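> First the structure, which I've put down as structure tokens, then a few questions once you've had a look.
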Amino acid sequence: MQFNDEGYIVAVRRYGENSLIVNVISKEHGLIGGFVKGGGSKKNVGVYQIGNQISFEAYARIEENMLTLKTELLAPVAVNFMSSPAKLAALSSLCALCLSCLPEKENLERFYYYIDSFFQLINQENWITHYCFFEFYLLEYLGIGLDLSECAATGSRENLAYVSPKSGRAVCRESGEIYASRLYAYPHFIVDKNYFPTPREMADLLKMTAFFLSKNFFQTHGLKFPRNRANLLENLDL
């Protein structure tokens, strides 16, 4: 088994005296983990950092064996997170969700675009927006996406204002007003592809995605919701 790909490092742990196990979210093969001989040496300290973009050759004698990786640093993206606690919190959350939710060695298709955008646009003023899009489309990738096309109660496509935590469907303002405190805010900026939402809109979106990820993925699979994600809103500038 052998293939070449590129992607972003999402986890690193030491293996033996001088080697590493590295997890990568890759363009064509999704989440992979592999052994990097000598990766823990001093000369590689700046390479194997969470967030860095690498290219790699992966190989194993048989498919069941752990992959061995030969890597090359494409971009030292990790440095873009170091001076911002908020960016580090978002990076930690994204990595935790990828490690928990994404399948191994499976092409992520269009969903990889949202991961790539987060890393590539981290120095933009609206970088948090790209994290929000990542979480929203993670729901869709996992098969638990929301139905935001019309009101669940009336079928109307007008004045959509809420999302039901029970059904994951949109609710119009007229039908949902009296239950507003129990509903989530409708994410207009996601639907409209507006990359400059207000902080309130982003905070509302992240509260909603956290709920649906926890309820419809982590609880369903008997998994614990990642602490790095659970604490995310406390660490963002929203």
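By convention in this document, the chains of the structure tokens carry letters A, B, ... by their order, each chain's residues are numbered from 1, and ligands are numbered from 1 in the order they are shown.
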Among segment 18-161 of chain A, which ones does DSSP assign to strand (DSSP E or B) (computed from the backbone)? Answer as a count of residues only.
39
> So that I can see what lies close to segment 4-15 of chain A, please list as an mmCIF file with C-alpha atoms, in the first residue's frame the residues with an atom at most 7 Å from it, counting only C-alpha atoms and leaving out residues fewer than 3 positions away in the same chain.

data_model
loop_
_atom_site.group_PDB
_atom_site.id
_atom_site.type_symbol
_atom_site.label_atom_id
_atom_site.label_comp_id
_atom_site.auth_asym_id
_atom_site.auth_seq_id
_atom_site.Cartn_x
_atom_site.Cartn_y
_atom_site.Cartn_z
ATOM 1 C CA ASN A 18 13.234 9.691 18.618
ATOM 2 C CA SER A 19 10.164 9.046 16.459
ATOM 3 C CA LEU A 20 6.589 10.288 16.227
ATOM 4 C CA ILE A 21 3.057 9.205 15.435
ATOM 5 C CA VAL A 22 1.548 11.986 13.324
ATOM 6 C CA ASN A 23 -2.116 12.437 12.389
ATOM 7 C CA VAL A 24 -2.920 14.406 9.262
ATOM 8 C CA ILE A 25 -6.142 15.614 7.649
ATOM 9 C CA SER A 26 -5.297 15.004 4.020
ATOM 10 C CA LYS A 27 -6.739 16.212 0.741
ATOM 11 C CA GLU A 28 -7.494 12.864 -0.903
ATOM 12 C CA GLY A 40 11.277 13.757 17.224
ATOM 13 C CA GLN A 49 3.747 21.209 14.776
ATOM 14 C CA ILE A 50 -0.044 21.051 14.858
ATOM 15 C CA GLY A 51 -1.414 23.181 12.026
ATOM 16 C CA ASN A 52 1.554 22.860 9.680
ATOM 17 C CA GLN A 53 0.844 21.931 6.072
ATOM 18 C CA ILE A 54 2.883 18.999 4.777
ATOM 19 C CA SER A 55 3.140 16.757 1.759
ATOM 20 C CA PHE A 56 3.894 13.101 2.374
ATOM 21 C CA GLU A 57 4.448 9.676 0.950
ATOM 22 C CA ALA A 58 2.628 6.989 2.939
ATOM 23 C CA CYS A 95 -8.275 19.207 15.540
#
> What's around segment 193-204 of chain A at 10 Å? Count only C-alpha atoms, leave out sequence neighbours fewer than 5 positions away in its own chain, and write the answer as number ranges by chain.
A: 125-133, 184-188, 209, 233, 236-238
> As an exercise, work out the distance from atom CA of Ile122 of chain A to atom CA of Tyr48 of chain A in Å and give it to one decimal place.
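Calculated distance between atom CA of Ile122 of chain A and atom CA of Tyr48 of chain A is 18.9 Å.
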> Which residue gives the smallest distance to Ser181 of chain A among A:Cys151, A:Cys101, A:Val163, A:Leu69, with only C-alpha atoms counted?
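Looking at the shortest contact to Ser181 of chain A, the residue is A:Val163.
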> Determine, counting only C-alpha atoms, which protein, DNA and RNA residues have an atom within 10 Å of an atom of Glu150 of chain A; residues of the same chain fewer than 5 positions away are not included. Present the result as an mmCIF file with C-alpha atoms, in the first residue's frame.

data_model
loop_
_atom_site.group_PDB
_atom_site.id
_atom_site.type_symbol
_atom_site.label_atom_id
_atom_site.label_comp_id
_atom_site.auth_asym_id
_atom_site.auth_seq_id
_atom_site.Cartn_x
_atom_site.Cartn_y
_atom_site.Cartn_z
ATOM 1 C CA GLY A 155 -43.839 25.153 4.817
ATOM 2 C CA SER A 156 -43.133 28.837 4.260
ATOM 3 C CA ARG A 157 -39.747 29.964 2.943
ATOM 4 C CA GLU A 158 -40.262 33.520 4.208
ATOM 5 C CA ASN A 159 -39.186 35.078 7.522
ATOM 6 C CA LEU A 160 -37.181 32.055 8.646
ATOM 7 C CA ARG A 169 -35.510 22.164 10.833
ATOM 8 C CA ALA A 170 -36.119 25.856 10.245
ATOM 9 C CA VAL A 171 -39.031 27.681 11.883
ATOM 10 C CA CYS A 172 -40.497 30.984 10.651
#
> Measuring atom to atom with only C-alpha atoms, identify which of A:Leu73, A:Ile115, A:Ala89, A:Leu121 is nearest to Leu138 of chain A.
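Nearest to Leu138 of chain A: A:Ile115.
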